[in-house]
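Text of my_file_8.tsv, listed as TSV, C-alpha atoms and all ligand atoms:
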chain	number	residue	atom	x	y	z
O	758	MET	CA	0.32	10.63	14.00
O	759	ALA	CA	-1.54	11.61	10.98
O	760	VAL	CA	-3.33	14.83	11.59
O	761	TYR	CA	-1.29	17.44	9.80
O	762	THR	CA	-4.24	19.73	9.13
O	763	ASP	CA	-6.82	20.16	11.86
O	764	VAL	CA	-10.48	20.99	11.30
O	765	ASN	CA	-12.96	22.58	13.65
O	766	GLU	CA	-16.59	21.69	14.26
O	767	GLU	CA	-17.94	24.64	12.33
O	768	GLN	CA	-15.91	23.72	9.22
O	769	LEU	CA	-17.03	20.11	9.52
O	770	ARG	CA	-20.71	20.95	9.85
O	771	ALA	CA	-20.53	23.14	6.75
O	772	PHE	CA	-18.67	20.34	4.89
O	773	LEU	CA	-21.22	17.69	5.90
O	774	ALA	CA	-24.13	19.87	4.80
O	775	GLU	CA	-23.09	19.07	1.21
O	776	TYR	CA	-23.70	15.33	1.83
O	777	ASP	CA	-26.69	13.19	2.66
O	778	VAL	CA	-25.15	11.69	5.78
O	779	GLY	CA	-27.11	13.40	8.56
O	780	THR	CA	-25.57	15.72	11.11
O	781	LEU	CA	-22.34	15.52	13.07
O	782	LEU	CA	-22.38	13.62	16.37
O	783	SER	CA	-18.62	13.42	17.06
O	784	TYR	CA	-15.23	13.42	15.36
O	785	LYS	CA	-11.64	12.64	16.25
O	786	GLY	CA	-8.27	12.62	14.53
O	787	ILE	CA	-6.74	9.21	13.76
O	788	ALA	CA	-3.19	8.76	14.99
O	789	GLU	CA	-2.20	5.94	12.59
O	790	GLY	CA	-0.98	6.48	9.05
O	791	VAL	CA	1.75	8.70	7.69
O	792	GLU	CA	0.63	10.35	4.48
O	793	ASN	CA	-2.63	12.22	5.02
O	794	SER	CA	-4.79	13.67	7.79
O	795	ASN	CA	-7.57	11.24	8.73
O	796	PHE	CA	-10.60	11.73	10.98
O	797	LEU	CA	-13.21	9.33	12.25
O	798	LEU	CA	-16.64	10.96	11.93
O	799	ARG	CA	-19.86	9.82	13.52
O	800	THR	CA	-23.03	11.34	12.14
O	801	THR	CA	-26.71	10.54	12.51
O	802	GLY	CA	-26.28	8.69	9.19
O	803	GLY	CA	-23.36	6.42	10.14
O	804	THR	CA	-19.60	6.27	10.66
O	805	PHE	CA	-17.16	7.62	8.06
O	806	ILE	CA	-13.49	8.33	7.46
O	807	LEU	CA	-12.66	11.84	6.35
O	808	THR	CA	-9.29	12.29	4.60
O	809	LEU	CA	-7.57	15.59	3.95
O	810	TYR	CA	-4.95	14.97	1.29
O	811	GLU	CA	-1.55	16.34	2.23
O	812	LYS	CA	1.41	17.50	0.18
O	813	ARG	CA	2.77	14.14	-1.01
O	814	VAL	CA	-0.51	13.33	-2.75
O	815	ASN	CA	-0.76	14.90	-6.18
O	816	ARG	CA	-4.20	16.49	-6.72
O	817	ASP	CA	-4.26	15.20	-10.30
O	818	ASP	CA	-4.13	11.62	-8.98
O	819	LEU	CA	-7.20	11.99	-6.75
O	820	PRO	CA	-9.75	11.06	-9.45
O	821	PHE	CA	-7.77	7.82	-9.95
O	822	PHE	CA	-7.72	6.94	-6.23
O	823	ILE	CA	-11.34	7.88	-5.55
O	824	GLY	CA	-12.55	6.33	-8.82
O	825	LEU	CA	-10.63	3.13	-8.10
O	826	MET	CA	-12.12	2.64	-4.62
O	827	ASP	CA	-15.57	3.31	-6.07
O	828	HIS	CA	-14.96	0.83	-8.91
O	829	LEU	CA	-13.60	-1.92	-6.64
O	830	ALA	CA	-16.29	-1.48	-3.98
O	831	LEU	CA	-19.03	-1.63	-6.62
O	832	LYS	CA	-17.45	-4.88	-7.88
O	833	GLY	CA	-17.82	-6.39	-4.44
O	834	LEU	CA	-14.29	-5.96	-3.07
O	835	SER	CA	-14.35	-4.97	0.57
O	836	CYS	CA	-12.71	-1.55	0.49
O	837	PRO	CA	-13.77	1.97	1.43
O	838	LEU	CA	-16.64	3.32	-0.69
O	839	PRO	CA	-16.23	7.04	-1.46
O	840	ILE	CA	-19.31	8.95	-0.32
O	841	VAL	CA	-21.09	10.99	-2.98
O	842	ARG	CA	-22.06	14.62	-2.33
O	843	ARG	CA	-25.58	15.78	-3.12
O	844	ASP	CA	-24.28	17.33	-6.36
O	845	GLY	CA	-22.80	13.98	-7.47
O	846	GLY	CA	-19.12	14.81	-6.79
O	847	HIS	CA	-16.71	13.00	-4.48
O	848	LEU	CA	-13.90	15.48	-4.00
O	849	SER	CA	-14.31	18.52	-1.76
O	850	GLU	CA	-12.11	21.18	-0.22
O	851	LEU	CA	-11.73	21.48	3.55
O	852	ALA	CA	-9.31	23.62	5.60
O	853	GLY	CA	-7.46	24.46	2.39
O	854	ARG	CA	-6.90	20.82	1.45
O	855	PRO	CA	-8.57	18.50	-1.04
O	856	ALA	CA	-10.82	16.22	1.00
O	857	ALA	CA	-13.05	13.19	0.59
O	858	MET	CA	-15.16	11.01	2.81
O	859	VAL	CA	-15.26	7.21	2.57
O	860	SER	CA	-17.21	4.47	4.33
O	861	PHE	CA	-15.79	3.10	7.59
O	862	LEU	CA	-14.57	-0.53	7.47
O	863	ASP	CA	-14.85	-2.69	10.56
O	864	GLY	CA	-11.88	-4.74	11.65
O	865	ALA	CA	-8.31	-4.25	12.80
O	866	TRP	CA	-4.91	-4.98	11.33
O	867	LEU	CA	-2.85	-7.90	12.56
O	868	ARG	CA	0.41	-7.39	14.41
O	869	LYS	CA	1.36	-11.09	14.02
O	870	PRO	CA	-0.12	-12.50	10.81
O	871	GLN	CA	-0.19	-16.30	10.44
O	872	PRO	CA	-0.17	-18.46	7.28
O	873	GLN	CA	-3.99	-18.56	7.07
O	874	HIS	CA	-4.02	-14.74	7.02
O	875	CYS	CA	-1.39	-14.73	4.26
O	876	ARG	CA	-3.62	-17.03	2.21
O	877	GLU	CA	-6.51	-14.58	2.56
O	878	VAL	CA	-4.27	-11.68	1.60
O	879	GLY	CA	-3.20	-13.55	-1.54
O	880	GLN	CA	-6.83	-14.16	-2.45
O	881	ALA	CA	-7.83	-10.56	-1.82
O	882	LEU	CA	-4.88	-9.27	-3.83
O	883	ALA	CA	-5.82	-11.41	-6.82
O	884	ALA	CA	-9.49	-10.43	-6.43
O	885	MET	CA	-8.40	-6.79	-6.55
O	886	HIS	CA	-6.34	-7.43	-9.69
O	887	VAL	CA	-9.29	-9.11	-11.38
O	888	ALA	CA	-11.79	-6.43	-10.27
O	889	GLY	CA	-9.45	-3.66	-11.41
O	890	SER	CA	-8.93	-5.11	-14.88
O	891	ASP	CA	-11.64	-2.92	-16.46
O	892	PHE	CA	-10.97	0.25	-14.48
O	893	ALA	CA	-10.76	2.99	-17.08
O	894	ILE	CA	-8.35	5.52	-15.55
O	895	ARG	CA	-4.59	4.89	-15.67
O	896	ARG	CA	-1.90	6.04	-13.29
O	897	ALA	CA	1.76	5.29	-13.90
O	898	ASN	CA	3.71	3.96	-10.91
O	899	GLY	CA	5.64	6.92	-9.50
O	900	LEU	CA	7.94	4.59	-7.55
O	901	THR	CA	9.06	2.12	-10.17
O	902	VAL	CA	12.57	1.20	-11.30
O	903	ALA	CA	13.12	4.50	-13.17
O	904	ASP	CA	12.25	6.49	-10.04
O	905	TRP	CA	14.67	4.72	-7.72
O	906	ARG	CA	17.85	6.43	-8.94
O	907	PRO	CA	16.66	10.00	-8.16
O	908	LEU	CA	15.57	8.80	-4.70
O	909	TRP	CA	18.95	7.13	-4.24
O	910	GLU	CA	20.91	10.19	-5.42
O	911	GLY	CA	19.17	12.22	-2.70
O	912	ALA	CA	20.31	9.83	0.04
O	913	ARG	CA	23.52	8.27	-1.32
O	914	ALA	CA	26.01	10.66	0.28
O	915	ARG	CA	24.71	9.83	3.77
O	916	ALA	CA	23.90	6.14	3.28
O	917	ASP	CA	27.05	4.89	5.02
O	918	GLU	CA	25.93	6.76	8.17
O	919	VAL	CA	23.05	4.29	8.34
O	920	GLN	CA	25.27	1.25	7.71
O	921	PRO	CA	28.89	1.26	6.52
O	922	GLY	CA	29.18	-0.14	3.00
O	923	LEU	CA	25.61	0.66	1.95
O	924	LYS	CA	26.71	3.16	-0.68
O	925	ASP	CA	28.62	0.59	-2.74
O	926	GLU	CA	26.09	-2.16	-2.16
O	927	ILE	CA	23.14	-0.08	-3.36
O	928	ASP	CA	25.11	1.35	-6.29
O	929	GLN	CA	25.61	-2.21	-7.55
O	930	GLU	CA	22.11	-3.38	-6.71
O	931	LEU	CA	20.44	-0.47	-8.46
O	932	ALA	CA	22.57	-0.84	-11.59
O	933	SER	CA	21.77	-4.55	-11.71
O	934	LEU	CA	18.01	-4.02	-11.29
O	935	GLU	CA	17.97	-1.23	-13.87
O	936	SER	CA	19.65	-3.47	-16.43
O	937	ASP	CA	17.63	-6.64	-15.69
O	938	TRP	CA	14.16	-5.29	-14.82
O	939	PRO	CA	11.63	-7.44	-16.70
O	940	SER	CA	9.32	-6.26	-19.44
O	941	GLY	CA	6.16	-7.61	-21.03
O	942	LEU	CA	4.63	-9.16	-17.90
O	943	PRO	CA	0.84	-8.94	-17.41
O	944	GLU	CA	-0.07	-5.48	-16.16
O	945	GLY	CA	-3.04	-3.98	-14.39
O	946	VAL	CA	-4.06	-1.94	-11.38
O	947	ILE	CA	-1.95	-2.84	-8.35
O	948	HIS	CA	-2.33	-1.75	-4.72
O	949	ALA	CA	1.44	-1.27	-4.35
O	950	ASP	CA	1.40	-0.95	-0.52
O	951	LEU	CA	-0.59	-3.93	0.76
O	952	PHE	CA	1.23	-4.14	4.08
O	953	PRO	CA	-0.38	-5.66	7.21
O	954	ASP	CA	-1.49	-2.20	8.41
O	955	ASN	CA	-3.59	-1.83	5.27
O	956	VAL	CA	-5.54	-5.08	5.64
O	957	PHE	CA	-8.29	-5.46	8.23
O	958	PHE	CA	-9.42	-8.73	9.81
O	959	ILE	CA	-12.33	-9.66	12.04
O	960	GLU	CA	-11.69	-12.84	14.00
O	961	ASP	CA	-9.21	-14.25	11.48
O	962	ARG	CA	-11.31	-13.45	8.41
O	963	LEU	CA	-10.15	-10.69	6.12
O	964	SER	CA	-12.69	-7.87	6.32
O	965	GLY	CA	-11.24	-5.26	3.97
O	966	LEU	CA	-8.37	-3.47	2.26
O	967	ILE	CA	-7.58	0.22	2.78
O	968	ASP	CA	-5.09	2.90	1.73
O	969	PHE	CA	-5.14	2.90	-2.07
O	970	TYR	CA	-2.93	5.99	-2.27
O	971	PHE	CA	0.01	4.23	-3.92
O	972	ALA	CA	-2.23	2.28	-6.33
O	973	CYS	CA	-1.15	2.49	-9.96
O	974	ASN	CA	-0.73	0.49	-13.17
O	975	ASP	CA	2.22	-1.89	-13.10
O	976	PHE	CA	3.09	-5.59	-13.31
O	977	LEU	CA	0.54	-7.62	-11.33
O	978	ALA	CA	3.32	-9.91	-10.11
O	979	TYR	CA	5.11	-6.89	-8.62
O	980	ASP	CA	2.20	-6.60	-6.15
O	981	ILE	CA	2.78	-10.23	-5.12
O	982	ALA	CA	6.47	-9.41	-4.66
O	983	ILE	CA	5.51	-6.49	-2.39
O	984	CYS	CA	3.25	-8.77	-0.32
O	985	LEU	CA	5.93	-11.48	0.00
O	986	ASN	CA	8.19	-8.81	1.46
O	987	ALA	CA	5.56	-7.33	3.76
O	988	TRP	CA	3.85	-10.51	5.02
O	989	CYS	CA	6.22	-13.46	4.86
O	990	PHE	CA	9.27	-12.48	6.90
O	991	GLU	CA	9.56	-13.08	10.63
O	992	PRO	CA	10.73	-10.39	13.07
O	993	ASP	CA	14.15	-12.15	13.22
O	994	GLY	CA	14.53	-11.58	9.46
O	995	ALA	CA	13.90	-15.19	8.33
O	996	PHE	CA	11.66	-15.82	5.34
O	997	ASN	CA	8.72	-18.04	6.35
O	998	LEU	CA	8.17	-20.50	3.50
O	999	THR	CA	4.81	-21.65	4.90
O	1000	LYS	CA	3.55	-18.07	4.73
O	1001	GLY	CA	4.96	-17.61	1.23
O	1002	MET	CA	3.28	-20.80	0.06
O	1003	ALA	CA	-0.02	-19.76	1.63
O	1004	LEU	CA	0.09	-16.28	0.08
O	1005	ILE	CA	0.89	-17.60	-3.40
O	1006	ASP	CA	-1.65	-20.42	-3.03
O	1007	GLY	CA	-4.38	-17.92	-2.09
O	1008	TYR	CA	-3.45	-15.74	-5.05
O	1009	VAL	CA	-3.41	-18.48	-7.69
O	1010	CYS	CA	-6.81	-19.83	-6.54
O	1011	VAL	CA	-8.21	-16.60	-8.00
O	1012	ARG	CA	-5.68	-15.76	-10.71
O	1013	PRO	CA	-3.14	-18.36	-11.89
O	1014	LEU	CA	0.33	-17.07	-12.70
O	1015	GLU	CA	1.98	-17.18	-16.10
O	1016	PRO	CA	5.40	-18.92	-16.23
O	1017	GLY	CA	7.07	-15.57	-17.05
O	1018	GLU	CA	5.64	-14.03	-13.88
O	1019	ALA	CA	7.00	-16.89	-11.77
O	1020	GLU	CA	10.41	-16.60	-13.40
O	1021	ALA	CA	10.52	-12.85	-12.70
O	1022	LEU	CA	9.41	-13.14	-9.07
O	1023	PRO	CA	12.88	-13.17	-7.44
O	1024	LEU	CA	13.87	-10.04	-9.37
O	1025	LEU	CA	10.55	-8.32	-8.63
O	1026	ALA	CA	10.96	-9.16	-4.93
O	1027	ARG	CA	14.43	-7.61	-4.94
O	1028	GLY	CA	13.02	-4.50	-6.63
O	1029	ALA	CA	10.16	-4.27	-4.15
O	1030	ALA	CA	12.60	-4.53	-1.24
O	1031	LEU	CA	14.77	-1.79	-2.76
O	1032	ARG	CA	11.73	0.46	-3.31
O	1033	PHE	CA	10.72	0.31	0.37
O	1034	PHE	CA	14.33	0.56	1.50
O	1035	LEU	CA	14.76	3.77	-0.52
O	1036	THR	CA	11.59	5.53	0.67
O	1037	ARG	CA	12.35	4.53	4.25
O	1038	LEU	CA	15.97	5.70	3.88
O	1039	HIS	CA	14.77	9.01	2.47
O	1040	ASP	CA	12.35	9.48	5.39
O	1041	TRP	CA	15.00	8.31	7.87
O	1042	LEU	CA	17.41	11.00	6.71
O	1043	THR	CA	14.92	13.83	6.20
O	1044	THR	CA	12.31	13.53	8.97
O	1045	PRO	CA	13.26	16.07	11.66
O	1046	GLU	CA	14.04	14.67	15.12
O	1047	GLY	CA	11.00	15.04	17.34
O	1048	ALA	CA	8.48	14.98	14.46
O	1049	LEU	CA	5.32	13.13	15.46
O	1050	VAL	CA	5.82	10.33	12.93
O	1051	VAL	CA	7.18	6.87	13.60
O	1052	LYS	CA	10.16	6.44	11.28
O	1053	LYS	CA	10.35	2.98	9.72
O	1054	ASP	CA	13.66	1.11	9.72
O	1055	PRO	CA	15.24	1.06	6.23
O	1056	LEU	CA	17.64	-1.75	7.20
O	1057	GLU	CA	14.72	-4.16	7.60
O	1058	TYR	CA	14.35	-3.92	3.83
O	1059	MET	CA	18.09	-4.16	3.21
O	1060	ARG	CA	18.07	-7.53	4.99
O	1061	LYS	CA	15.12	-8.68	2.86
O	1062	LEU	CA	16.88	-7.49	-0.28
O	1063	ARG	CA	19.97	-9.55	0.60
O	1064	PHE	CA	17.76	-12.59	1.09
O	1065	HIS	CA	16.13	-12.18	-2.34
O	1066	ARG	CA	19.54	-11.92	-3.99
O	1067	GLN	CA	20.22	-15.53	-3.06
O	1068	ILE	CA	16.96	-16.81	-4.55
O	1069	ASP	CA	17.19	-18.65	-7.86
O	1070	SER	CA	13.62	-19.72	-8.36
O	1071	ALA	CA	10.11	-18.75	-7.23
O	1072	SER	CA	9.77	-22.25	-5.76
O	1073	GLU	CA	11.92	-20.92	-2.90
O	1074	TYR	CA	9.05	-18.53	-2.08
O	1075	GLY	CA	6.56	-21.42	-2.07
O	1076	LEU	CA	5.39	-21.39	-5.68
O	1077	ARG	CA	4.52	-24.80	-7.14
O	1078	ILE	CA	4.32	-25.90	-10.76
O	1079	LYS	CA	0.56	-26.46	-10.39
O	1080	ASP	CA	0.21	-22.71	-9.62
O	1081	LEU	CA	1.11	-21.83	-13.20
O	1082	THR	CA	-1.02	-21.55	-16.32
O	1083	GLN	CA	0.10	-24.16	-18.87
O	1101	LIG	N1	-12.13	3.14	5.53
O	1101	LIG	C1	-11.58	3.00	6.73
O	1101	LIG	N2	-12.25	2.34	7.71
O	1101	LIG	C2	-11.72	2.24	8.96
O	1101	LIG	N3	-10.54	2.79	9.32
O	1101	LIG	C3	-9.84	3.45	8.40
O	1101	LIG	C4	-10.30	3.60	7.06
O	1101	LIG	N4	-9.40	4.32	6.36
O	1101	LIG	C5	-8.41	4.61	7.23
O	1101	LIG	N5	-8.67	4.11	8.45
O	1101	LIG	C6	-7.85	4.27	9.67
O	1101	LIG	O1	-6.94	5.32	9.45
O	1101	LIG	C7	-5.58	4.86	9.56
O	1101	LIG	C8	-4.72	5.58	8.53
O	1101	LIG	O2	-5.21	5.34	7.23
O	1101	LIG	P1	-4.24	5.22	5.97
O	1101	LIG	O3	-5.10	5.25	4.75
O	1101	LIG	O4	-3.32	4.05	6.15
O	1101	LIG	O5	-3.44	6.58	6.11
O	1101	LIG	P2	-2.16	7.10	5.32
O	1101	LIG	O6	-2.49	7.06	3.87
O	1101	LIG	O7	-2.01	8.49	5.86
O	1101	LIG	O8	-1.02	6.20	5.69
O	1101	LIG	C9	-5.67	3.37	9.35
O	1101	LIG	O9	-4.63	2.68	10.00
O	1101	LIG	C10	-7.02	3.04	9.98
O	1101	LIG	O10	-6.89	2.96	11.38
O	1102	LIG	N1	4.22	0.62	3.88
O	1102	LIG	C1	5.31	1.54	3.76
O	1102	LIG	C2	4.99	2.91	4.27
O	1102	LIG	C3	3.66	3.50	3.81
O	1102	LIG	O1	2.90	3.74	4.96
O	1102	LIG	P1	1.27	3.69	5.02
O	1102	LIG	O2	0.95	4.08	6.42
O	1102	LIG	O3	0.80	4.67	3.97
O	1102	LIG	O4	0.85	2.27	4.72
O	1102	LIG	C4	6.55	1.01	4.53
O	1102	LIG	O5	6.36	0.15	5.39
O	1102	LIG	O6	7.66	1.49	4.27

Once more with this new file: its structure as structure tokens, please.
Amino acid sequence: MAVYTDVNEEQLRAFLAEYDVGTLLSYKGIAEGVENSNFLLRTTGGTFILTLYEKRVNRDDLPFFIGLMDHLALKGLSCPLPIVRRDGGHLSELAGRPAAMVSFLDGAWLRKPQPQHCREVGQALAAMHVAGSDFAIRRANGLTVADWRPLWEGARARADEVQPGLKDEIDQELASLESDWPSGLPEGVIHADLFPDNVFFIEDRLSGLIDFYFACNDFLAYDIAICLNAWCFEPDGAFNLTKGMALIDGYVCVRPLEPGEAEALPLLARGAALRFFLTRLHDWLTTPEGALVVKKDPLEYMRKLRFHRQIDSASEYGLRIKDLTQ
């Protein structure tokens, strides 16, 4: 579920009076998502998503997130457009939480993505990177290599409860990634969580990207590494080369890769797998039993991490020489 903070009709009517979106017809809480409280609102002016930002979102980051969606939507990327209040602002306060309203995107996320969907995701990811290149606000990645050790220290003592041997394996993995993490790759605004549940499709065509609340400035190729992890493995744990090739192909049609980015891809993919393993492990160990949140399996990302460790070259993900800038 993701309604941590509830709102009543009276509060909503007062909130909507600040906007030019007509009057409230109906509203309901949205069960999906894990971070914030989301509501679907229908008004005489249209359909909107209302988000109340919960504890894990830092208030100081909200101008980045809201400004980024505004910037990308105005550049033609299909993503939620923040709705402007009559006084020109985007951020409000509702039920004691920072709140904002964005446009509703049609479509649904795919439970079983196919190679043609991966191609579209690659294209959309690159289009986002290009559209974000002149976004003026910066936000450092709060979950990059330097942030993994504190996360790990919080979970390390109990890691072997999840799988015997994890403690030693992650100790070595983390040390190796910390020492070898690349530098000097092309940077820009990345989505940083472009998983299938954050990409909408209508009849096999990508209709939009949502959930920009991990977006930040980091290596562009790290975002590709995140997508390879999230889109190109099968439920049995096997990497699907056809999907990898399609995703990379879609990406390079819009933004070709530099040779250094291709060379770093196996390491970036290992790092991305460790990042999602660590946040999932943290949630696995700290979410109280019975909480109304679906806990995600950390071991899924451990298996992906072990796969990436055996990769020598980005060609094993489906990258071809023609995909690179000369
Ligand atoms: N702009 C939007 N248009 C349509 N549905 C949306 C939109 N934003 C969010 N949703 C719905 O709300 C759910 C949770 O949103 P998400 O941003 O992923 O939440 P969280 O950040 O809490 O994980 C999505 O799975 C989707 O169903
Ligand atoms: N994609 C992450 C979890 C973040 O969840 P979201 O609902 O905000 O997309 C994972 O799978 O671990």

### Query
Between O:Ile947, O:Ala912, O:Ala1071, O:Ala788, which is the closest to O:Gly1001 once you count all atoms listed in the file?
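That would be O:Ala1071, the residue with the smallest distance to O:Gly1001.
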
For ligand LIG 1102 (chain O), what centre and edge lengths in Å (one decimal) does the axis-aligned box get once 5 Å is added on each side of all its listed atoms, as AutoDock Vina command-line options?
--center_x 4.2 --center_y 2.4 --center_z 5.1 --size_x 16.9 --size_y 14.5 --size_z 12.7

### Message
ligand LIG 1102 (chain O): which residues are within 9 Å, counting all atoms listed in the file? Reply as a VMD selection string.
### Response
chain O and resid 789 to 793 949 to 955 967 to 971 987 1032 to 1037 1052 to 1055 1058

### Task
Kindly indicate which residue among O:Arg1027, O:Arg876, O:Arg1012, O:Arg813 lies nearest to ligand LIG 1101 (chain O), using only C-alpha atoms and all ligand atoms for the distances.
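That would be O:Arg813, the residue with the smallest distance to ligand LIG 1101 (chain O).
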
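We find atom CA of O:Gly779 and atom CA of O:Asn765 to be spaced 17.6 Å apart.
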
### Task
Could you check how far atom CA of O:Ala774 sits from atom C8 of ligand LIG 1101 (chain O), in Å to one decimal?
24.4 Å

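Each of O:Gln768, O:Gln920, O:Thr780, O:Ser835 was compared to ligand LIG 1101 (chain O) using only C-alpha atoms and all ligand atoms, and O:Ser835 turns out to be the nearest.
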
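Here atom CA of O:Glu811 and atom CA of O:Val887 stand 29.9 Å from one another.
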
### Counting all atoms listed in the file, the residue of O:Gly965, O:Pro921, O:Pro939, O:Gly899 that sits nearest ligand LIG 1101 (chain O)
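Checking each candidate against ligand LIG 1101 (chain O), we get O:Gly965 as the closest.
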
### Task
Point out the residue among O:Val764, O:Cys836, O:Leu908, O:Leu963 with the least atom-to-atom distance to ligand LIG 1101 (chain O), counting only C-alpha atoms and all ligand atoms.
O:Cys836

### Task
Using all atoms listed in the file, determine which residues lie at most 10 Å from O:Gln871, disregarding the query and same-chain residues fewer than 4 positions distant; provide the list as a PyMOL selection string.
chain O and resi 867+875-876+961+988-989+997+999-1000+1003

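Of the residues under consideration (O:Phe990, O:Phe996, O:Phe861, O:Phe822), O:Phe861 shows the shortest atom-to-atom contact distance to ligand LIG 1101 (chain O) when counting all atoms listed in the file.
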
#### Entry: Neighbour list for O:Val946 as a ChimeraX atom specification, cut-off 7 Å, only C-alpha atoms, skip fewer than 4 positions in-chain
/O:886,889-890,972-975

Tell me, as a compact mmCIF listing (two decimals) with C-alpha atoms, in the coordinates of the input, which residues lie within 12 Å of stretch 845-848 of chain O, counting all atoms listed in the file; anything in the same chain fewer than 2 positions away does not count.
# COMPACT_ATOMS: atom_id res chain seq x y z
CA PHE O 772 -18.67 20.34 4.89
CA GLU O 775 -23.09 19.07 1.21
CA TYR O 776 -23.70 15.33 1.83
CA ASP O 777 -26.69 13.19 2.66
CA LEU O 807 -12.66 11.84 6.35
CA THR O 808 -9.29 12.29 4.60
CA LEU O 809 -7.57 15.59 3.95
CA TYR O 810 -4.95 14.97 1.29
CA ARG O 816 -4.20 16.49 -6.72
CA ASP O 817 -4.26 15.20 -10.30
CA ASP O 818 -4.13 11.62 -8.98
CA LEU O 819 -7.20 11.99 -6.75
CA PRO O 820 -9.75 11.06 -9.45
CA PHE O 821 -7.77 7.82 -9.95
CA PHE O 822 -7.72 6.94 -6.23
CA ILE O 823 -11.34 7.88 -5.55
CA GLY O 824 -12.55 6.33 -8.82
CA MET O 826 -12.12 2.64 -4.62
CA ASP O 827 -15.57 3.31 -6.07
CA LEU O 838 -16.64 3.32 -0.69
CA PRO O 839 -16.23 7.04 -1.46
CA ILE O 840 -19.31 8.95 -0.32
CA VAL O 841 -21.09 10.99 -2.98
CA ARG O 842 -22.06 14.62 -2.33
CA ARG O 843 -25.58 15.78 -3.12
CA GLU O 850 -12.11 21.18 -0.22
CA LEU O 851 -11.73 21.48 3.55
CA ARG O 854 -6.90 20.82 1.45
CA PRO O 855 -8.57 18.50 -1.04
CA ALA O 856 -10.82 16.22 1.00
CA ALA O 857 -13.05 13.19 0.59
CA MET O 858 -15.16 11.01 2.81
CA VAL O 859 -15.26 7.21 2.57

### Message
Can you pull out the residues contacting O:Leu1024? Cut-off 12 Å, using all atoms listed in the file, and skip same-chain residues under 2 positions away; I want them as a ChimeraX atom specification.
### Response
/O:902,930-931,933-940,978-979,981-983,1017-1022,1026-1031,1062-1071

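The list of residues with at least one atom within 8 Å of O:Phe796, based on all atoms listed in the file and without residues fewer than 5 positions apart in the same chain, reads Val760, Tyr784, Lys785, Gly786, Ile787, Ile806, Leu807 and Thr808 of chain O.
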